Structures are given as C-alpha cells and as structure tokens.
Amino acid sequence: MSETPPRRFVSTKRRPKEDGRFITGAGHFVADIGRPGMLHVALVTSPHPAARIASVNTSEALAMPGVVDVLTGDVLAAATNPLANAVDTPGVKCYPLANGVARYAGEWIAAVVAESRALAEDAAELVDVEYKSLDHVIDAEEALEPTSPPVHEDHGSNILYRRTFTWGPVAEDFAGQPHELPFKLRWGRSAPVPVETFGVVAEWDMGTEILDVWASIQMPSYAEQIATALRIPVNQVRAHYDVDVGGSYGVKRGIKHTVLTGFLARRLGRPIRLIEDRLENMIGGDMHGPDRHFDVAVAFDDDGLIKSMKLRVIEDVGGQTGRAPFQLGKPVSAIVGAYQINSVEYEAIAVSTNKTGQAAVRGFGMSPTNVAIESAVDKVARHLGLSRLEVRRRNFIRADQFPYLIPSGSEYDSGDYQTVFKKALDLADVEALLARRDAARRDGKIAGIGIATCLEPGGGNSAFEPLLNPKNETTTWPESCVVKVDRTGGITATIATSTSGQGHETLAATIIGEELGIDPNDIRVVHSDTLSGLPGNTPVASRMAIMLGGAAAGAARKIRDQAILIGAHNLGRTTDQVRYENGAVTALDDPSLSLSLSRIALISHREFHNMPPELTEPGMQAVHVLQVPKGGTLPTADGRVQMYPCYSFAAHIVYAEIDRLTGKVSLPEYCIAHDCGTVINPDIVRGMVIGGAAHGIGAALYEEFSYEPGGQLLSGTFVDYVMPSSHEVPDIKLAEHCTPSPLTSHGQKGVGEGGYLGAPAAVASAINDALSPFNIECLTLPMRASLLSDLLADQPAETES
Amino acid sequence: MTHSISVTVNGATRQAEVEPRQTLVDFLREQLGLTGTHVGCEHGVCGACSVLLDGEPIRSCLMFAVQTDGHEITTVEGLREEDGALGILQDSFWETHALQCGYCTPGMLIAGQDLLTRNPNPSDEEIREAIAGNLCRCTGYLQIVDAIRLAGARMRQAPEALGTEAGDV
C-alpha cells in the first residue's frame with residue numbers, strides 16, 4: 001500500500017447529501033411530477049409470443065368519454081425511425097409499438113391516452129386486436145437452428161451476433177496440458193427489478209419547439225436516441241437530470257417508453273405521462289437481464305495452474321435488441337478474472353427468441369461469466385484433489401505484476417489479490433468455518449463453503465461497442481463537472497446525470513471540498529438537463545467515482561488555480577510565494593497576509609481592477625470534461641482493446657446449508673474483503689458492496705423470469721418472481737483493502753457492481769461444495785429450492801463428509 | 001359516482017370526494033399531494049406504499065380511499081417532530097445511510113416506526129422480521145437494521161442527548 005496524503009473529507013464518515021430528502025418523503029421521482037393538462041397512457045399488449053397483427057379496432061375505446069387517442073404500431077412506425085440496435089443488424093427493426101408482428105407475449109400493441117390512468121386502463125380493454133398466431137421459439141439453443149421460426153424475419157436468422165475471438169495460443173496451450181475439463185453452465189434470466197417501475201413524462205413546448213422529458217432514467221445517449229427515433233434534432237430534446245431514480249442497477253433504459261410518450265406529446269400537444277404498473281414492468285418493460293448458456297473448458301497442469309480457457313456463450317436477448325448484445329462484450333475486459341491464464345478462446349453469440357427484451361444489468365454481463373470462471377477454478381481443484389483456496393493462490397496475478405496485461409488486451413491497473421483474499425479468509429476464520437461445515441455434515445446436514453473472487457472493471461470507454469460493431473468507432477465515454485463560485489464564495493457544482501442511489505452529489509461535493517478546503521455540506525450540487533449540460537454518460541459501469549470524481553477534481557483544481565492567481569496578485573506576491581489551503585490564499589512569508597475564497601470570488605465577480613492581467617474573464621467558474629484514462633484506442637483486428645482503466649477486486653467467502661427436504665438454502669456466514677482503491681464515502685461504499693451482494697444472492701438462488709413452452713411468462717408478479725427480503729440477506733461482514741489506482745484523482749476505483757459480480761459465484765461455489773459429498777453438482781442458476789430438492793431427493797440419506 | 005370521506009392525515013382532517021375504486025395510495029398522492037408514499041408493486045408485496053392507519057402499518061395500494069373514512073393516517077410526511085425537526089428514526093436512517101435510491105425508504109420508515117412504537121428495544125431478528133414485508137433492492141437491508149437499532153437506542157435515551165443536525169458526522 002502506498003502512502004496517501006492526509007485528507008479532510010475523502011474517506012471520512014460523512015452523511016450523504018442526498019439522504020435528507022429521501023427520509024422526509026421529499027424526493028423528486030418521476031411519478032411525483034404533474035404537468036398542467038397532462039394525459040395518461042395505458043397499453044394494450046400481445047397475449048401471443050409470436051403473431052401477425054391482422055387488425056386493430058380502436059373505435060370502441062375512442063368512443064369512451066375521457067379517451068383522447070389510441071395509437072397503433074403502424075401509425076407510429078410510419079412516423080418514426082426504428083429504435084437503435086447495438087450490433088449491426090439492419091434487418092432488425094423495433095418500434096415502441098409492434099408494427100405488424102408481435103414478438104413476445106406482453107409486447108405493446110397500442111397505446112391508449114386518456115384524462116386519467118384509470119380511464120386509459122378501462123379503454124385499453126376495449127381495443128379489439130385480431131391476431132394470427134405464428135410459430136415461436138423460446139429456447140435459445142433451439143433458436144440457433146436454421147429451422148427455428150425467425151423472430152425478426154427480415155434479419156434472416158435468429159443469430160444477431162456471432163464471433164469467435166482467440167487471444168493467445170489456445171490450441172497449443174490446450175495440447176500442452178495434462179488435464180482438460182469441459183462443463184456446461186446455465187444462467188437464468190433475472191433482473192434488478194427496481195422497486196420503482198420505469199416512468200416518463202414528456203411535454204412538447206410549442207413556443208420553443210423543445211421536447212421536455214422527465215424520466216426515471218439511467219441511459220447513455222438518451223436524448224440522442226430519442227431525437228433520432230422521433231426524427232428531430234438532438235437539440236430539441238431536453239431530458240431533465242434532476243429526477244430522482246428509484247433504483248436502476250442498469251435497467252432503467254426506457255427508450256421505447258420515451259419515444260412513445262414523446263411522439264404522443266407532439267401529436268396531441270399535451271403533456272403525456274406513462275408510469276408502468278408492475279405487470280407492464282415485468283412483462284413488457286424490456287428490462288430482463290442476461291439469459292445465458294455457457295460451454296466452458298479449461299486446460300491445466302498437475303499443480304492446478306490454468307493455462308488456457310475456452311468459453312462459448314449464447315446470450316438469449318429476447319424479442320427486442322437494444323444494447324443487450326453488448327453485454328457479451330464487457331466480460332472481455334476481465335476475461336481471465338484474477339488469474340494468470342495465458343490464452344482464451346471466446347465465442348460470443350447473441351440470439352433472438354420470443355421473450356421479453358433485455359436491458360443492461362449491473363456488471364453488464366460480467367456476473368454470469370464470473371460464475372463460469374470461478375466454477376472452473378473450483379472444478380480444477382476438485383479434479384486434482386487440491387484445496388480450492390490453494391488453487392486460487394497459485395493462479396492469482398501477483399501484486400508485483402501490475403500493471404498486468406491480460407490476453408484480451410486490457411491492462412489491470414493495480415491490485416493485491418493475495419492480500420485481499422487472505423483478509424477474506426481471516427475475516428471468515430476459514431479454519432473454523434471448515435470445522436463447522438464438517439461438524440454439520442457429521443450431523444447429517446448438507447453444508448458447504450463457497451469461495452469466489454471477482455474483478456470489477458470501472459470507468460470504461462464503452463470499448464465493447466466498437467469491439468462488437470465495427471461500424472461504431474466509440475473510443476471515449478467522458479464525464480463532466482462545472483464548478484462555479486458565486487460572488488459570496490458559495491460553491492455550486494453541476495453534474496450531467498441523474499442519480500439512482502449512488503450518491504453522486506456526495507461524491508462531487510466531497511471531492512470538490514477536499515480540493516478547495518471547503519466543507520462539502522456547504523457545496524451545492526445540481527443536475528443539469530441535456531441541453532444545458534456538458535457531456536455525460538450516466539452512472540453505468542462502476543464509473544462515477546472514477547469519471548465524475550475526476551471531473552469534479554479537475555474543475556475544482558482549476559478554481560484553485562484561479563484563486564491562487566487572484567490571491568497572489570492582491571497580496572503582492574507571485575504564485576509560488578503563496579499557498580492555497582483551507583479555502584484561503586496565504587503568503588508563505590507572512591501567514592497574516594491571507595485572502596479567503598469568498599473575498600477572492602468577490603474580486604473576480606465585481607472588482608476587475610483587482611484582477612491579475614492573465615485572467616481576462618470575470619467570475620469564477622471552471623469546466624472539466626474528463627477523458628477516460630487510457631481510453632482513445634480502437635480494438636485490434638483480433639479484438640484486443642483496453643476496455644476499462646480501473647480494476648477493483650473482491651473475495652467472497654460464504655457458508656451455506658441446504659435443507660434436504662425442501663432444498664431451502666440458508667447462508668449463516670458471509671464475508672467479503674474488497675479493494676476499490678481509495679474510498680470516497682465509507683457508508684456509501686458499504687451499502688454498494690452489501691446491496692450488490694444481496695442482489696447477487698437473489699440471482700443465485702431465487703430470481704428468474706421463467707417461461708413455459710407456450711411462450712408465457714410465469715413469474716410476472718412479486719409472488720412468483722421471488723426477491724431476497726431481510727430474512728434472506730445474511731449479516732454480511734466486510735473487510736477493506738486499498739491499492740490506489742494510479743489513474744484517478746484520488747486513487748479511487750469503481751464499487752457499484754462488485755458485490756453482484758462476486759455473490760452468485762460464491763453462492764454457487766457453496767452449493768456445489770455442499771453437494772460434493774453426493775458426487776452431484778448444480779450448474780444451473782438460479783439454484784432454486786425446488787431444483788436442489790429434486791437433486792437431493794434421489795440421494796441416499798447417509799453420506800461421507 | 002363519488003363518495004364523501006373525512007380522514008385525518010398527519011394530524012389534519014381532510015374532506016374529499018373519492019371514486020369508490022380509488023386506492024388509498026392514489027388518493028394520498030394525487031388528491032392530497034402527499035407524494036412521499038410510493039407505489040411499488042400494486043399487489044401488496046413490496047411495502048413501498050406502507051402507511052399507518054390508526055397506528056397500524058397497512059399497504060395503501062391494497063386499500064380503497066373510501067375505506068379510510070373516519071380513520072387516522074400517518075404518512076412519511078408525518079414522521080417529523082412537532083417542531084419540524086427530523087424524527088429520531090429518520091435521523092438514524094441518515095446517520096447509518098440506510099438507503100440509496102430512497103424509493104422504499106418511506107415504507108421502511110413506517111415499518112420501523114411501527115416496530116419501535118411496539119418494542120423500543122428490538123433484537124436484530126425482531127427488526128428483520130418487522131421489515132421483512134418491505135423490499136429494498138439497493139441496500140441489502142443491513143444499514144436499515146443498523147438504523148432501526150440505533151433509533152431504538154436513541155429513543156431510550158434522553159432526547160437532549162440526540163444529535164440531529166443535518167450533516168452531523
């Protein structure tokens with residue numbers, strides 16, 4: 001660990017700025033927004049997984065008092081551009097309302113607009129749609145077959161993306177190793193399912209010809225996508241970032257919702273509100289997450305050193321495309337996990353099925369892949385009769401190897417995996433835990449210890465876009481901050497994103513306060529809109545501590561430089577004869593000569609005669625747009641690229657017991673040691689890690705959007721889609737470590753995703769350790785009680801521990 | 001067809017005309033402008049819409065406004081002290097950062113307030129039981145448990161021992 005300078009605010013326990021409004025019921029969520037004359041939308045949805053829409057009769061609905069409009073897909077499609085596709089698939093044309101063909105049960109067919117939501121729902125029942133049912137495909141592996149029914153007929157097949165990457169001498173490495181283990185793994189479709197559904201209010205201002213949008217949003221390039229679809233200039237869309245988002249974790253994308261409401265707002269000249277109800281959200285909200293079939297193989301030696309790995313991933317993106325296929329790209333950024341694996345073959349396949357569309361989920365596709373990698377490590381250990389701890393230690397990238405270049409082209413910035421791993425083992429008291437497990441087994445219990453590590457890449461330049469779509473040349477993904485000092489010395493920072501619980505106001509204020517020596521409680525942080533704001537890319541990819549933190553630091557340092565210039569000039573000193581400290585500029589030779597920031601601010605705003613000649617603009621304001629550290633390069637022809645600058649790390653140790661009869665899993669012990677570099681706010685970091693782990697426990701054990709063969713979603717309510725309650729999340733213990741990133745303003749790295757990246761792998765590891773005495777395994781997530789109960793039902797009651 | 005109701009909300013009596021099918025949560029949010037109570041699942045599972053009805057926590061998405069005629073309701077907006085200061089539980093949520101996005105928070109506060117009214121010294125297991133009907137997708141619950149435990153301890157102390165200034169560290 002390197003020395004860090006003393007800090008006043010960074011890394012200290014401070015109350016987050018945002019919390020005050022939420023504990024008083026004074027948050028500003030999208031459903032709290034009312035506009036004069038606002039109309040409400042309810043949706044008519046398809047009951048069929050695949051059907052041609054023969055006719056839509058809206059006359060009865062339109063005749064109902066209070067109903068203003070019923071919009072059908074053909075009208076909308078004729079007036080708008082298709083929604084953007086991530087990968088290069090021009091034959092795939094998706095619109096907010098199905099245009100001629102419905103591609104999943106629950107897809108929106110028509111939008112009913114009325115004076116109240118209740119009236120709109122009533123009228124939606126009166127819209128008469130005539131369908132001609134088509135063949136459908138629900139299973140992703142079946143959808144790969146040329147004979148399967150095409151979800152997007154014009155695309156020609158259900159395969160949206162398929163490429164095999166080979167990084168390093170895979171064939172030689174496999175041929176040269178004495179052992180090879182292949183296995184399959186299944187990650188079931190789940191999602192973060194925020195407690196707030198998606199919502200949007202859109203209003204067309206006839207006077208300014210601007211479309212105002214308030215939305216529960218976490219979507220990069222949001223205004224650009226809306227404008228493109230609506231065929232209007234981007235500078236006619238003003239998305240407001242001061243809307244509090246009631247949870248997102250990746251999924252609050254809402255493009256189709258916004259295009260629909262934006263279109264209606266212009267068509268009807270009145271504000272339009274669409275707040276999903278829970279059924280709309282679960283079935284037609286297009287917020288389902290990764291749904292994957294893995295084929296994995298690893299080649300290794302007698303000591304358990306893994307030389308090479310092959311991964312084949314089929315991603316079932318459902319009936320809409322959006323950014324979903326890109327979730328196959330992010331895992332490339334840490335494709336070897338924490339291990340010195342020499343070469344990797346990665347076949348990435350995105351396939352369409354007649355299921356609900358997929359959105360980004362926390363970790364952007366990495367959590368399932370981490371289960372595959374960590375399961376492989378466990379299986380290597382089991383195959384050789386070695387300790388799973390020891391196999392990890394042997395394969396870890398060593399602290400003295402950083403920066404470490406992985407085969408797929410990313411360089412890990414810093415880390416000390418052995419030390420963090422040891423901290424996790426010490427925290428869990430792993431020897432005692434082993435004794436506890438073995439004692440439990442002697443008592444006839446089914447008990448296991450789970451071990452997993454994970455990398456958390458953060459702050460990237462969206463390099464998976466050019467990696468998976470050569471027509472896309474994105475090599476930056478900036479974030480911005482504006483800092484203003486008013487004439488009284490008051491500081492206001494403007495950030496260009498909405499926030500969904502990550503504490504961005506606290507982050508910006510803490511860092512600006514640190515740089516300027518001003519109490520963060522006295523710094524106001526406001527959210528811009530897309531017209532007034534500078535470039536921003538929303539809180540995706542564990543990036544805000546790195547990118548917003550860096551932008552805030554950059555702007556604050558520019559303010560400090562201005563203050564030093566003005567202060568030195570007015571103290572009759574040169575800039576190297578003064579210092580900036582604790583919100584004042586002081587002469588080095590005479591500490592009694594000092595000018596406060598507020599005095600300097602007044603000079604800058606009102607006393608131009610006291611300004612130094614090198615400052616030609618009145619006022620104190622600074623803009624900083626941060627380029628992604630180590631960004632700026634396109635992938636090589638063989639698909640190598642630096643995807644993320646910063647790599648956090650965590651190790652999870654969990655103890656699980658499985659009830660033999662019911663298959664119910666309990667997790668009495670759960671320990672995490674993590675390293676996200678410099679912690680900005682300890683309570684926020686703790687919440688992120690624990691909350692992420694809780695989310696991962698849900699994905700590992702409970703949560704699944706299940707479909708029956710007929711194409712109907714079986715788990716569309718909170719009764720069927722089971723999420724962890726306070727009873728299911730254990731008392732997770734945390735240990736921290738800090739290897740500062742050399743690439744960021746204060747050594748910070750990302751932390752929003754790590755809990756979710758580690759927990760499913762750790763829980764899966766524990767389950768399989770518990771099942772190992774029976775010589776059975778479970779590599780299907782979620783490992784629901786019913787699944788485990790069925791596996792155990794066939795086993796003899798007595799086992800050897 | 002509407003019905004006239006008279007309901008006491010956060011200490012103030014409100015007269016209103018409501019449709020029989022209007023849920024209590026829609027009434028609170030849309031007619032009374034009390035948007036602190038949130039709609040989550042609309043089928044009684046997530047607890048985001050929890051309010052106190054005559055001191056008992058209920059799901060305001062599962063109750064019609066017309067059913068509350070003559071009753072007393074407390075929402076998150078009614079949890080402040082009489083002088084406007086943060087309530088002890090609210091302040092404790094801030095102290096432990098028992099929230100992230102803030103959407104489930106009003107319901108969590110109602111559940112916690114109800115528990116501490118009944119049991120000022122709950123065990124962690126009792127706290128978990130009390131909030132088990134309220135889903136939080138952000139925090140993993142542990143900082144919420146911390147907050148309710150802290151609030152219980154503070155409530156058992158003299159009120160002047162409390163530090164409730166915004167920004168206390």
# chains A, B, ... in the order shown; residues from 1 in each chain; ligands from 1
$ residues_around --residues "Val75 (chain A)" --least-positions-apart "3" --cutoff "12 Å" --atoms "only C-alpha atoms" --output "list in words"
Val56, Val70, Leu71, Thr72, Ala78, Ala79, Thr80, Asn81, Tyr95, Pro96, Leu97, Ala98, Asn99, Gly100, Ile109, Ala110, Ala111, Leu260, Phe263, Leu264 and Arg267 of chain A
$ write_last_selection --atoms "C-alpha atoms" --output "PDB file, in the first residue's frame"
ATOM      1  CA  VAL A  56     -56.654  -3.254 -34.503  1.00  0.00           C
ATOM      2  CA  VAL A  70     -55.428   5.411 -29.341  1.00  0.00           C
ATOM      3  CA  LEU A  71     -52.132   4.998 -31.147  1.00  0.00           C
ATOM      4  CA  THR A  72     -51.316   1.859 -33.115  1.00  0.00           C
ATOM      5  CA  ALA A  78     -44.571   5.325 -40.277  1.00  0.00           C
ATOM      6  CA  ALA A  79     -43.654   8.495 -38.419  1.00  0.00           C
ATOM      7  CA  THR A  80     -40.529   7.400 -36.522  1.00  0.00           C
ATOM      8  CA  ASN A  81     -37.204   5.673 -37.072  1.00  0.00           C
ATOM      9  CA  TYR A  95     -40.515   0.226 -32.502  1.00  0.00           C
ATOM     10  CA  PRO A  96     -42.212   1.092 -29.223  1.00  0.00           C
ATOM     11  CA  LEU A  97     -45.430  -0.471 -30.508  1.00  0.00           C
ATOM     12  CA  ALA A  98     -45.337  -3.693 -32.503  1.00  0.00           C
ATOM     13  CA  ASN A  99     -45.501  -2.921 -36.210  1.00  0.00           C
ATOM     14  CA  GLY A 100     -47.366  -5.743 -37.926  1.00  0.00           C
ATOM     15  CA  ILE A 109     -49.567  -3.264 -29.476  1.00  0.00           C
ATOM     16  CA  ALA A 110     -51.381   0.013 -28.918  1.00  0.00           C
ATOM     17  CA  ALA A 111     -51.258   2.967 -26.544  1.00  0.00           C
ATOM     18  CA  LEU A 260     -43.817   6.692 -27.464  1.00  0.00           C
ATOM     19  CA  PHE A 263     -44.395  11.167 -30.087  1.00  0.00           C
ATOM     20  CA  LEU A 264     -47.759  11.450 -28.337  1.00  0.00           C
ATOM     21  CA  ARG A 267     -49.067  14.642 -31.759  1.00  0.00           C
TER      22      ARG A 267
END
$ residues_around --residues "Ser4 (chain B)" --least-positions-apart "5" --cutoff "9 Å" --atoms "only C-alpha atoms" --output "PyMOL selection string"
chain B and resi 15-18+66+69
$ write_last_selection --atoms "N, CA and C atoms" --output "CSV table (one decimal), in the first residue's frame"
chain,number,residue,atom,x,y,z
B,15,GLN,N,-61.3,16.6,4.0
B,15,GLN,CA,-62.6,16.2,3.4
B,15,GLN,C,-62.3,16.0,1.9
B,16,ALA,N,-62.9,15.0,1.3
B,16,ALA,CA,-62.6,14.7,-0.1
B,16,ALA,C,-63.7,13.9,-0.7
B,17,GLU,N,-63.8,14.1,-2.0
B,17,GLU,CA,-64.7,13.2,-2.8
B,17,GLU,C,-63.9,12.2,-3.5
B,18,VAL,N,-64.2,10.9,-3.3
B,18,VAL,CA,-63.4,9.9,-4.0
B,18,VAL,C,-64.2,8.9,-4.7
B,66,VAL,N,-61.9,5.1,0.1
B,66,VAL,CA,-63.3,5.2,0.8
B,66,VAL,C,-63.3,4.5,2.1
B,69,ASP,N,-62.6,6.4,5.6
B,69,ASP,CA,-63.5,7.5,6.1
B,69,ASP,C,-63.5,7.3,7.7
$ interface_residues --of "chain A" --to "chain B" --cutoff "7 Å" --atoms "only C-alpha atoms" --output "ChimeraX atom specification"
/A:13-15,19-20,22-26,32,194-196,245-247,278,500-502,521,683,687-688,690-691,694-695,718,725-727,729,731
$ select_by_dssp --residues "region 381-469 of chain A" --states "alpha helix (DSSP H)" --output "ChimeraX atom specification"
/A:381-384,388-395,417-428,430-442,464-468
$ select_by_dssp --residues "region 38-148 of chain B" --states "strand (DSSP E)" --output "mmCIF file with N, CA and C atoms, in the first residue's frame"
data_model
loop_
_atom_site.group_PDB
_atom_site.id
_atom_site.type_symbol
_atom_site.label_atom_id
_atom_site.label_comp_id
_atom_site.auth_asym_id
_atom_site.auth_seq_id
_atom_site.Cartn_x
_atom_site.Cartn_y
_atom_site.Cartn_z
ATOM 1 N N SER B 50 -46.437 1.622 2.289
ATOM 2 C CA SER B 50 -46.910 1.464 3.671
ATOM 3 C C SER B 50 -47.215 2.809 4.329
ATOM 4 N N VAL B 51 -48.333 2.858 5.015
ATOM 5 C CA VAL B 51 -48.686 3.999 5.870
ATOM 6 C C VAL B 51 -49.264 3.426 7.167
ATOM 7 N N LEU B 52 -49.410 4.276 8.163
ATOM 8 C CA LEU B 52 -50.058 3.839 9.401
ATOM 9 C C LEU B 52 -51.533 4.222 9.342
ATOM 10 N N LEU B 53 -52.399 3.249 9.591
ATOM 11 C CA LEU B 53 -53.834 3.501 9.673
ATOM 12 C C LEU B 53 -54.229 3.250 11.125
ATOM 13 N N GLU B 56 -51.565 1.407 12.858
ATOM 14 C CA GLU B 56 -51.135 0.095 12.366
ATOM 15 C C GLU B 56 -50.612 0.229 10.932
ATOM 16 N N PRO B 57 -49.492 -0.436 10.619
ATOM 17 C CA PRO B 57 -48.997 -0.342 9.238
ATOM 18 C C PRO B 57 -49.902 -1.113 8.275
ATOM 19 N N ILE B 58 -50.217 -0.493 7.176
ATOM 20 C CA ILE B 58 -51.014 -1.155 6.133
ATOM 21 C C ILE B 58 -50.428 -0.813 4.769
ATOM 22 N N ARG B 59 -50.836 -1.592 3.771
ATOM 23 C CA ARG B 59 -50.447 -1.323 2.378
ATOM 24 C C ARG B 59 -51.487 -0.390 1.777
ATOM 25 N N GLU B 72 -57.582 7.588 10.968
ATOM 26 C CA GLU B 72 -56.381 8.427 11.039
ATOM 27 C C GLU B 72 -55.247 7.770 10.279
ATOM 28 N N ILE B 73 -54.559 8.565 9.482
ATOM 29 C CA ILE B 73 -53.458 8.044 8.670
ATOM 30 C C ILE B 73 -52.200 8.842 8.969
ATOM 31 N N THR B 74 -51.085 8.117 9.064
ATOM 32 C CA THR B 74 -49.781 8.783 9.151
ATOM 33 C C THR B 74 -48.945 8.335 7.970
#
$ residues_around --residues "His674 (chain A)" --least-positions-apart "3" --cutoff "12 Å" --atoms "only C-alpha atoms" --output "number ranges by chain"
A: 415-425, 427, 452-456, 647-653, 671, 677-679, 685-686, 688-690, 693, 733-739, 749-755, 757-758
$ residues_around --residues "Arg388 (chain A)" --least-positions-apart "3" --cutoff "12 Å" --atoms "only C-alpha atoms" --output "PyMOL selection string"
chain A and resi 303-305+374-385+391-395+449-453+653+765-766+769
$ closest_residue --among "A:Arg599, A:His624, A:Lys471, A:Arg573" --to "Ala493 (chain A)" --atoms "only C-alpha atoms"
A:His624
$ atom_distance --atom1 "CA of Thr494 (chain A)" --atom2 "CA of Gly619 (chain A)"
16.1 Å
$ residues_around --residues "Thr68 (chain B)" --least-positions-apart "3" --cutoff "8 Å" --atoms "only C-alpha atoms" --output "list in words"
Ile5, Val7, Leu24, Phe64, Ala65, His71 and Glu72 of chain B
$ closest_residue --among "A:Ser789, A:Ser596, A:Asn775, A:Asn354" --to "Glu708 (chain A)" --atoms "only C-alpha atoms"
A:Asn354
$ residues_around --residues "His240 (chain A)" --least-positions-apart "4" --cutoff "10 Å" --atoms "only C-alpha atoms" --output "list in words"
Asp212, Val213, Trp214, Ala215, Ser216, Ile217, Ala223, Ala496, Thr497, Ser498, His527, Ser528, Asp529, Thr530, Leu531, Ser532 and Gly533 of chain A
$ write_last_selection --atoms "C-alpha atoms" --output "compact mmCIF listing (two decimals), in the first residue's frame"
# COMPACT_ATOMS: atom_id res chain seq x y z
CA ASP A 212 -39.06 18.25 -22.34
CA VAL A 213 -38.56 14.82 -20.83
CA TRP A 214 -38.61 13.85 -17.19
CA ALA A 215 -37.83 10.19 -16.73
CA SER A 216 -36.62 7.57 -14.31
CA ILE A 217 -33.56 7.08 -16.41
CA ALA A 223 -31.56 12.35 -25.73
CA ALA A 496 -24.65 15.92 -16.13
CA THR A 497 -26.51 12.88 -14.94
CA SER A 498 -29.47 11.76 -12.91
CA HIS A 527 -28.16 18.22 -12.02
CA SER A 528 -28.22 19.72 -15.49
CA ASP A 529 -30.50 18.83 -18.34
CA THR A 530 -29.22 17.55 -21.64
CA LEU A 531 -29.30 20.97 -23.30
CA SER A 532 -27.61 22.91 -20.52
CA GLY A 533 -25.21 20.17 -19.51
$ residues_around --residues "Ala555 (chain A)" --least-positions-apart "4" --cutoff "9 Å" --atoms "only C-alpha atoms" --output "ChimeraX atom specification"
/A:480-483,512,550-551,559-560,621-625
